[in-house]
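Trainee: One structure, pasted below without further comment.
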Amino acid sequence: MNDRKFSPVATPPCPVCAKPAKPEFQPFCSARCADVDLGRWLTDRYAIPTPIDEEEDAPKPGGTEPSQ
Ligand SMILES: [Zn+2]
C-alpha cells in the first residue's frame, strides 16, 4: 500500500538534537533522543505548577439596591 519511501530531505530534523531524523525513529534521530524527549515531556507534565486561582472576594458594586 505505502510505496512511498522516506526521503531524508522530507524528514524534519530531530527535535532534540536537530540532527537528521531517521525514519525508524521518527521524528527523532535515535532511540536515545526519543527517550530524552519522552523524559522531558514527562518532566514537563510533573513540573507544571497548579495554577492558583486566587479569586478575591471582590466587593459587589451597590451592595444595597437603590429602591426607587
Ligand atoms: Zn536526535
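Chain lettering (A, B, ...) mirrors the order of the C-alpha cells, residue numbering begins at 1 for each chain separately, and ligand numbering begins at 1 in order of display.
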Show me which residues sit within 10 Å of ligand 1 when counting only C-alpha atoms and all ligand atoms, and put them as a list of chain:residue names.
Mentor: A:Pro13, A:Cys14, A:Pro15, A:Val16, A:Cys17, A:Ala18, A:Lys19, A:Pro20, A:Ala21, A:Lys22, A:Phe25, A:Gln26, A:Pro27, A:Phe28, A:Cys29, A:Ser30, A:Ala31, A:Arg32, A:Cys33, A:Ala34, A:Asp35, A:Val36, A:Asp37
Trainee: Could you tell me, as a list in words, which residues of range 11-57 of chain A DSSP assigns to helix (DSSP H, G or I) when given the backbone?
Mentor: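 DSSP-assigned helix (DSSP H, G or I) residues in range 11-57 of chain A: Pro23, Glu24, Phe25, Ala31, Arg32, Cys33, Ala34, Asp35, Val36, Asp37, Leu38, Gly39, Arg40, Trp41, Leu42, Thr43, Asp44, Arg45, Tyr46 and Ala47 of chain A.
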